[in-house]
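So this block is upload-v9.txt, compact mmCIF, C-alpha atoms and all ligand atoms:
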# COMPACT_ATOMS: atom_id res chain seq x y z
CA MET X 1 80.61 52.60 117.04
CA LYS X 2 83.46 53.89 119.18
CA ARG X 3 83.79 57.65 119.25
CA ILE X 4 87.28 59.13 118.78
CA VAL X 5 88.33 62.71 119.55
CA ILE X 6 91.77 63.73 118.24
CA LEU X 7 93.86 66.53 119.76
CA LEU X 8 96.61 68.24 117.77
CA SER X 9 98.72 71.37 117.65
CA GLY X 10 100.00 71.48 114.08
CA ARG X 11 99.91 69.92 110.65
CA GLY X 12 98.04 66.81 111.73
CA SER X 13 99.51 64.21 109.41
CA ASN X 14 98.97 61.49 112.03
CA MET X 15 95.36 62.59 112.49
CA GLN X 16 94.93 62.41 108.72
CA ALA X 17 96.37 58.87 108.61
CA ILE X 18 93.94 57.77 111.35
CA VAL X 19 90.91 59.41 109.70
CA GLU X 20 91.72 57.83 106.34
CA ARG X 21 92.43 54.34 107.64
CA CYS X 22 89.34 54.43 109.86
CA ALA X 23 87.14 55.21 106.85
CA ASP X 24 88.95 53.02 104.30
CA GLU X 25 89.15 49.94 106.55
CA GLY X 26 85.70 50.34 108.09
CA TRP X 27 86.77 50.36 111.74
CA PRO X 28 83.94 50.13 114.28
CA ALA X 29 84.71 53.74 115.08
CA GLN X 30 84.34 57.30 113.93
CA VAL X 31 86.51 60.38 114.42
CA VAL X 32 83.84 62.70 115.82
CA ALA X 33 85.97 65.78 116.49
CA VAL X 34 89.41 67.32 116.12
CA VAL X 35 90.45 69.81 118.80
CA SER X 36 93.51 72.07 118.71
CA ASN X 37 95.17 74.43 121.16
CA ARG X 38 96.36 76.49 118.17
CA PRO X 39 93.81 78.39 116.04
CA GLY X 40 95.96 78.14 112.89
CA ALA X 41 96.76 74.43 113.12
CA GLY X 42 96.84 72.95 109.62
CA GLY X 43 95.07 69.80 110.78
CA LEU X 44 91.88 71.74 111.52
CA ALA X 45 91.34 72.62 107.87
CA TYR X 46 91.80 69.02 106.78
CA ALA X 47 89.31 67.79 109.41
CA ALA X 48 86.73 70.44 108.49
CA GLY X 49 87.14 69.48 104.84
CA ARG X 50 86.27 65.88 105.77
CA GLY X 51 83.13 67.07 107.56
CA ILE X 52 84.57 66.40 111.03
CA ALA X 53 83.64 68.81 113.83
CA THR X 54 86.51 71.02 114.98
CA ALA X 55 87.17 73.20 118.00
CA VAL X 56 89.97 75.40 119.32
CA VAL X 57 90.89 75.81 122.97
CA ASP X 58 93.68 78.39 122.79
CA HIS X 59 96.06 77.80 125.72
CA ARG X 60 97.10 81.49 125.61
CA ALA X 61 93.66 82.50 126.88
CA PHE X 62 94.12 80.74 130.23
CA ALA X 63 95.96 81.90 133.30
CA ASP X 64 97.26 78.47 134.26
CA ARG X 65 97.44 74.91 133.05
CA GLY X 66 94.64 73.70 135.32
CA GLU X 67 92.14 76.11 133.77
CA PHE X 68 93.26 75.23 130.26
CA ASP X 69 93.00 71.50 131.00
CA ALA X 70 89.52 71.95 132.48
CA GLU X 71 88.22 73.83 129.44
CA LEU X 72 89.85 71.30 127.13
CA ALA X 73 88.10 68.48 129.01
CA ARG X 74 84.75 70.28 128.83
CA THR X 75 85.22 70.67 125.08
CA ILE X 76 86.21 67.03 124.59
CA ASP X 77 83.38 65.70 126.77
CA HIS X 78 80.82 67.41 124.57
CA TRP X 79 81.52 64.61 122.05
CA GLN X 80 81.45 61.82 124.68
CA PRO X 81 84.51 60.00 123.32
CA ASP X 82 85.43 56.39 124.00
CA LEU X 83 89.00 57.26 123.05
CA VAL X 84 91.03 60.48 123.03
CA VAL X 85 94.03 60.47 120.67
CA LEU X 86 96.93 62.90 121.03
CA ALA X 87 98.43 63.41 117.57
CA GLY X 88 101.17 66.01 117.75
CA PHE X 89 99.48 67.74 120.68
CA MET X 90 102.30 69.82 122.12
CA ARG X 91 100.97 70.79 125.56
CA VAL X 92 101.77 68.95 128.76
CA LEU X 93 98.54 67.71 130.36
CA GLY X 94 98.08 67.74 134.14
CA ALA X 95 97.28 64.79 136.40
CA ALA X 96 93.57 65.67 136.75
CA PHE X 97 93.21 65.56 132.96
CA THR X 98 95.11 62.29 132.50
CA ARG X 99 93.12 60.70 135.36
CA ARG X 100 89.83 61.76 133.77
CA TYR X 101 90.70 59.87 130.56
CA GLU X 102 92.57 57.03 132.23
CA GLY X 103 92.79 53.98 129.97
CA ARG X 104 91.31 55.82 126.99
CA LEU X 105 94.02 58.37 126.16
CA LEU X 106 96.73 57.50 123.61
CA ASN X 107 99.79 59.43 122.44
CA VAL X 108 102.44 59.02 119.77
CA HIS X 109 105.94 60.11 120.72
CA PRO X 110 108.79 60.35 118.16
CA SER X 111 111.34 58.19 119.98
CA LEU X 112 111.80 54.65 121.20
CA LEU X 113 110.55 55.23 124.74
CA PRO X 114 111.74 55.18 127.45
CA ALA X 115 114.64 56.83 125.59
CA PHE X 116 114.33 60.52 124.74
CA THR X 117 111.21 61.69 126.49
CA GLY X 118 110.38 65.36 125.91
CA LEU X 119 111.46 67.53 122.99
CA HIS X 120 114.10 67.40 120.20
CA THR X 121 114.10 63.61 120.16
CA HIS X 122 115.69 63.19 116.71
CA ARG X 123 118.53 65.63 117.36
CA ARG X 124 119.26 63.92 120.68
CA ALA X 125 119.21 60.45 119.11
CA ILE X 126 121.74 61.56 116.45
CA GLU X 127 123.93 63.27 119.04
CA ALA X 128 123.91 60.11 121.16
CA GLY X 129 125.15 58.09 118.17
CA CYS X 130 122.05 55.86 118.09
CA LYS X 131 121.95 53.42 115.16
CA VAL X 132 118.17 53.04 115.29
CA ALA X 133 115.41 55.47 116.19
CA GLY X 134 111.65 55.34 115.99
CA ALA X 135 108.28 56.16 117.47
CA THR X 136 106.14 54.86 120.31
CA VAL X 137 102.39 54.75 120.80
CA HIS X 138 101.60 54.62 124.51
CA VAL X 139 98.76 54.96 126.96
CA VAL X 140 99.00 58.39 128.60
CA THR X 141 99.52 58.57 132.34
CA ALA X 142 100.38 61.49 134.61
CA GLU X 143 104.12 61.00 134.06
CA LEU X 144 105.15 62.66 130.77
CA ASP X 145 105.92 60.14 127.96
CA HIS X 146 105.95 57.20 130.41
CA GLY X 147 102.66 55.30 130.07
CA PRO X 148 102.27 51.64 129.03
CA ILE X 149 103.65 51.02 125.53
CA VAL X 150 101.12 49.87 122.91
CA ALA X 151 103.44 49.60 119.88
CA GLN X 152 106.77 50.83 118.55
CA ALA X 153 108.25 51.46 115.10
CA VAL X 154 111.97 51.19 114.46
CA VAL X 155 113.93 52.88 111.66
CA PRO X 156 117.68 53.01 110.95
CA VAL X 157 119.70 56.15 111.65
CA MET X 158 121.87 56.84 108.60
CA PRO X 159 125.39 58.30 108.94
CA ASP X 160 124.43 61.47 107.05
CA ASP X 161 121.09 62.03 108.78
CA ASP X 162 120.20 65.36 110.29
CA GLU X 163 117.20 65.84 112.57
CA HIS X 164 114.97 66.67 109.60
CA THR X 165 115.77 63.61 107.50
CA LEU X 166 115.45 61.38 110.54
CA ALA X 167 112.14 63.01 111.55
CA GLU X 168 110.78 62.37 108.06
CA ARG X 169 111.79 58.69 108.16
CA VAL X 170 110.22 58.24 111.60
CA LEU X 171 107.05 60.12 110.64
CA ALA X 172 106.43 57.78 107.69
CA GLN X 173 106.37 54.92 110.19
CA GLU X 174 104.16 56.83 112.65
CA HIS X 175 101.60 56.89 109.84
CA ARG X 176 101.61 53.08 109.83
CA LEU X 177 101.98 52.58 113.57
CA TYR X 178 99.41 54.95 115.01
CA PRO X 179 96.40 53.88 112.91
CA MET X 180 97.28 50.25 113.68
CA ALA X 181 97.31 50.95 117.42
CA VAL X 182 94.11 53.02 117.39
CA ARG X 183 92.35 50.30 115.42
CA TRP X 184 93.39 47.69 118.01
CA PHE X 185 92.01 49.93 120.75
CA VAL X 186 88.62 50.50 119.15
CA GLU X 187 88.33 46.80 118.29
CA GLY X 188 88.95 45.92 121.93
CA ARG X 189 92.09 43.90 121.12
CA LEU X 190 94.27 45.41 123.87
CA VAL X 191 94.56 44.62 127.56
CA ILE X 192 96.65 46.51 130.07
CA GLU X 193 98.18 44.26 132.72
CA GLN X 194 100.68 45.44 135.33
CA GLY X 195 101.69 48.44 133.28
CA ARG X 196 102.13 46.46 130.05
CA VAL X 197 99.89 46.36 127.01
CA ARG X 198 99.17 42.95 125.51
CA HIS X 199 97.47 42.29 122.18
CA LEU X 200 94.85 39.56 122.64
CA ASP X 201 95.72 37.88 119.31
CA ARG X 202 99.48 38.20 119.83
CA ALA X 203 99.79 40.51 116.83
CA PRO X 204 103.32 41.94 116.54
CA GLN X 205 103.31 45.19 118.48
CA TRP X 206 106.12 46.63 116.40
CA VAL X 207 106.90 47.87 112.92
CA LEU X 208 110.41 47.46 111.52
CA ALA X 209 111.38 49.62 108.54
CA ALA X 210 114.25 48.23 106.49
CA PRO X 211 116.59 50.79 104.86
CA GLY X 212 115.14 51.82 101.52
CA HIS X 213 111.67 50.68 102.49
CA GLU X 214 110.90 53.28 105.12
CA THR X 215 107.88 54.69 103.36
CA ALA X 216 106.34 51.33 102.39
C1 LIG A 1 104.83 63.71 115.21
O1 LIG A 1 106.13 63.38 114.81
C2 LIG A 1 104.59 63.27 116.65
O2 LIG A 1 105.26 62.08 116.98
C3 LIG A 1 105.16 64.43 117.43
O3 LIG A 1 104.77 65.57 116.71
C4 LIG A 1 104.66 65.23 115.32
C5 LIG A 1 103.29 65.68 114.86
O4 LIG A 1 103.16 65.57 113.47
N1 LIG A 1 104.64 64.44 118.77
C6 LIG A 1 105.33 64.85 119.81
O5 LIG A 1 106.46 65.30 119.73
C7 LIG A 1 104.60 64.75 121.13
N2 LIG A 1 105.52 64.90 122.22
P1 LIG A 1 101.73 65.67 112.78
O6 LIG A 1 101.07 66.94 113.31
O7 LIG A 1 102.02 65.77 111.32
O8 LIG A 1 100.97 64.43 113.15
The structure in this file should be written as C-alpha cells.
Amino acid sequence: MKRIVILLSGRGSNMQAIVERCADEGWPAQVVAVVSNRPGAGGLAYAAGRGIATAVVDHRAFADRGEFDAELARTIDHWQPDLVVLAGFMRVLGAAFTRRYEGRLLNVHPSLLPAFTGLHTHRRAIEAGCKVAGATVHVVTAELDHGPIVAQAVVPVMPDDDEHTLAERVLAQEHRLYPMAVRWFVEGRLVIEQGRVRHLDRAPQWVLAAPGHETA
C-alpha cells in the first residue's frame, strides 16, 4: 500500500476527488493524512469526516519560509508518505523542501503549462485571447510550476467566459485529471526520463473536454 499525504490551503475539491477515486477504485494506496497551512481550510473538515488524519501548519506562525518548510516537512514525515500531493496548496515551497521529496511530489496547476505559471491563470488566459485553457499535473521541482508534466486537460474558452466560468470548467477536468495521474503514480506506471514523464502503457496523458461535455 502506497501512503499518500495531501497538502491543501482551501476547499479541497481535488483532494476529495482523489480520496473518493482511491477508495472506489481500490488503488494500491491510501490517503493517510491531509495537511493545511490554513486552520479554516474547508478540505480539513471533509478529510476528518472520512476518518483521515489532519494537521495544520499555519505559515503565519513562522518567521521565514525556511522554518515553515522545515516544520511542514516534519509534519509530513510523521506519516512516512510514498507520495506527497499538492492540491490547491497556495504556498511557494523552497528548494530544500522540493529536494527532500524529489520524484514523489505532485502538483496540479490551473493552466496549460508552461503557459501562465503563478496566479490568476484564468484571467490571464482570457486577456491573452486564448481559445483553449486547462490544467496540468506535474512533478514538483525547485522552479515554480516548471517540473516534468505528467498529464494535461484541455477545455475550450468560450467568448462570454469570465475567470469564474472558466475556472469552473477547468476545475471539473482537474477532478478527472488529478486522480488519474495520482493513480498512475501509485501503480508505478510512470517513468521520468530527461525531464519528461512517460506512461509505461502509453496511456493518453491528456484529457480533452468537448464543449457541452465539460463535466462528463
Ligand atoms: C485548483 O483549481 C488548483 O488547480 C489551484 O487551486 C485550486 C484548488 O481547488 N491550484 C493552484 O492555483 C496552485 N498554484 P480545490 O481546493 O477545490 O482543489
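Restricting the calculation to all atoms listed in the file, the smallest distance between Gly195 (chain X) and any of X:Ile149, X:Glu168, X:Glu163, X:Tyr178 is found for X:Ile149.
Reported to one decimal place, the separation of CA of Asp145 (chain X) from CA of Thr75 (chain X) is 23.4 Å.
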Go ahead and compute the interatomic distance for CA of Pro159 (chain X) and CA of Ala209 (chain X), in Å to one decimal.
16.5 Å
Just checking: using all atoms listed in the file, which residue out of X:Gly88, X:Pro39, X:Pro28, X:Pro179 ends up closest to ligand LIG 1 (chain A)?
X:Gly88
In file coordinates, which residues lie within 10 Å of (89.7, 66.6, 134.7) using only C-alpha atoms, given as a list in words?
Gly66, Glu67, Asp69, Ala70, Glu71, Leu72, Ala73, Arg74, Leu93, Gly94, Ala95, Ala96, Phe97, Thr98, Arg99, Arg100 and Tyr101 of chain X
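With distances taken over only C-alpha atoms and all ligand atoms, X:Leu8 is the one residue among X:Val56, X:Leu106, X:Leu8, X:Leu44 lying closest to ligand LIG 1 (chain A).
The contact shell of ligand LIG 1 (chain A), defined as all polymer residues within 6 Å when all atoms listed in the file are used, comprises Gly10, Arg11, Gly12, Ser13, Asn14, Met15, Ala87, Gly88, Phe89, Met90, Val108, His109, Pro110 and Leu171 of chain X.
Remark: for Arg104 (chain X), the closest of the candidate residues X:Gln173, X:Thr136, X:Thr141, X:Thr117 is X:Thr141 (distances computed over all atoms listed in the file).
CA of Gly188 (chain X) lies 10.8 Å from CA of Asp201 (chain X).
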Can you pull out every residue within 9 Å of Ile52 (chain X), counting only C-alpha atoms, but drop anything in the same chain fewer than 4 positions away, and send it as an MDAnalysis selection string?
chainID X and resid 31:34 46:48
Which residue is closest to Val19 (chain X)? Choose from X:Met180, X:Val150, X:Leu166, X:Leu190 and count all atoms listed in the file.
X:Met180
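Of the residues listed (X:Thr121, X:Lys2, X:Gly129, X:Arg50), X:Arg50 shows the shortest atom-to-atom separation from Glu20 (chain X); distances use only C-alpha atoms.
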Which polymer residues have any atom within 12 Å of an atom of Asp160 (chain X), counting all atoms listed in the file, with same-chain residues fewer than 4 positions away left out, as an NGL selection string?
:X and (126 or 129 or 131 or 156 or 164-166)
Need the neighbours of (105.8, 52.3, 120.1): which residues are at most 10 Å away, counting only C-alpha atoms, as a PyMOL selection string?
chain X and resi 107-114+134-138+148-154+174+177-178+181+205-207
Complete region 176-187 of chain X at the level of all heavy atoms, written as a compact mmCIF listing (two decimals), keeping the file's coordinate frame.
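Written output follows (part_15.txt):
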# COMPACT_ATOMS: atom_id res chain seq x y z
N ARG X 176 102.02 54.49 109.82
CA ARG X 176 101.61 53.08 109.83
C ARG X 176 101.23 52.65 111.25
O ARG X 176 100.26 51.94 111.47
CB ARG X 176 102.76 52.19 109.36
CG ARG X 176 103.23 52.46 107.95
CD ARG X 176 104.52 51.71 107.63
NE ARG X 176 104.36 50.26 107.62
CZ ARG X 176 105.38 49.41 107.55
NH1 ARG X 176 106.62 49.85 107.49
NH2 ARG X 176 105.17 48.11 107.52
N LEU X 177 102.08 53.05 112.19
CA LEU X 177 101.98 52.58 113.57
C LEU X 177 100.73 53.07 114.29
O LEU X 177 100.02 52.29 114.95
CB LEU X 177 103.22 53.05 114.33
CG LEU X 177 103.40 52.53 115.75
CD1 LEU X 177 103.88 51.09 115.71
CD2 LEU X 177 104.42 53.40 116.50
N TYR X 178 100.47 54.37 114.18
CA TYR X 178 99.41 54.95 115.01
C TYR X 178 98.01 54.45 114.59
O TYR X 178 97.23 54.02 115.45
CB TYR X 178 99.50 56.48 115.00
CG TYR X 178 99.05 57.15 116.29
CD1 TYR X 178 98.66 56.42 117.40
CD2 TYR X 178 99.04 58.54 116.40
CE1 TYR X 178 98.26 57.04 118.58
CE2 TYR X 178 98.64 59.18 117.57
CZ TYR X 178 98.24 58.41 118.66
OH TYR X 178 97.84 59.04 119.82
N PRO X 179 97.70 54.45 113.28
CA PRO X 179 96.40 53.88 112.91
C PRO X 179 96.25 52.43 113.35
O PRO X 179 95.18 52.02 113.80
CB PRO X 179 96.39 54.00 111.38
CG PRO X 179 97.32 55.13 111.08
CD PRO X 179 98.41 55.02 112.11
N MET X 180 97.32 51.65 113.24
CA MET X 180 97.28 50.25 113.68
C MET X 180 96.90 50.16 115.16
O MET X 180 96.02 49.40 115.56
CB MET X 180 98.66 49.63 113.42
CG MET X 180 98.84 48.21 113.85
SD MET X 180 100.51 47.60 113.38
CE MET X 180 101.44 48.05 114.86
N ALA X 181 97.55 50.98 115.98
CA ALA X 181 97.31 50.95 117.42
C ALA X 181 95.90 51.44 117.77
O ALA X 181 95.23 50.86 118.63
CB ALA X 181 98.36 51.81 118.14
N VAL X 182 95.46 52.49 117.10
CA VAL X 182 94.11 53.02 117.39
C VAL X 182 93.05 52.00 116.98
O VAL X 182 92.07 51.78 117.68
CB VAL X 182 93.89 54.37 116.67
CG1 VAL X 182 92.44 54.83 116.80
CG2 VAL X 182 94.83 55.43 117.23
N ARG X 183 93.30 51.33 115.86
CA ARG X 183 92.35 50.30 115.42
C ARG X 183 92.26 49.18 116.46
O ARG X 183 91.16 48.74 116.81
CB ARG X 183 92.79 49.73 114.06
CG ARG X 183 91.86 48.66 113.58
CD ARG X 183 92.20 48.15 112.21
NE ARG X 183 91.22 47.13 111.84
CZ ARG X 183 91.11 46.62 110.63
NH1 ARG X 183 91.92 47.01 109.66
NH2 ARG X 183 90.20 45.71 110.37
N TRP X 184 93.42 48.73 116.97
CA TRP X 184 93.39 47.69 118.01
C TRP X 184 92.55 48.15 119.19
O TRP X 184 91.77 47.38 119.75
CB TRP X 184 94.81 47.40 118.51
CG TRP X 184 95.67 46.66 117.55
CD1 TRP X 184 95.27 45.92 116.47
CD2 TRP X 184 97.10 46.60 117.57
NE1 TRP X 184 96.37 45.41 115.83
CE2 TRP X 184 97.50 45.79 116.48
CE3 TRP X 184 98.08 47.12 118.41
CZ2 TRP X 184 98.84 45.51 116.22
CZ3 TRP X 184 99.41 46.85 118.15
CH2 TRP X 184 99.78 46.05 117.06
N PHE X 185 92.74 49.42 119.59
CA PHE X 185 92.01 49.93 120.75
C PHE X 185 90.50 49.89 120.50
O PHE X 185 89.75 49.36 121.33
CB PHE X 185 92.46 51.36 121.08
CG PHE X 185 91.86 51.88 122.36
CD1 PHE X 185 92.57 51.85 123.55
CD2 PHE X 185 90.55 52.37 122.38
CE1 PHE X 185 92.00 52.29 124.73
CE2 PHE X 185 89.97 52.81 123.56
CZ PHE X 185 90.69 52.78 124.73
N VAL X 186 90.08 50.41 119.37
CA VAL X 186 88.62 50.50 119.15
C VAL X 186 88.01 49.11 118.89
O VAL X 186 86.81 48.92 119.08
CB VAL X 186 88.24 51.47 117.99
CG1 VAL X 186 88.66 52.89 118.34
CG2 VAL X 186 88.81 51.04 116.65
N GLU X 187 88.83 48.17 118.47
CA GLU X 187 88.33 46.80 118.29
C GLU X 187 88.40 45.98 119.58
O GLU X 187 88.04 44.80 119.57
CB GLU X 187 89.13 46.10 117.18
CG GLU X 187 88.81 46.67 115.81
CD GLU X 187 89.53 45.97 114.66
OE1 GLU X 187 90.51 45.24 114.92
OE2 GLU X 187 89.12 46.15 113.50
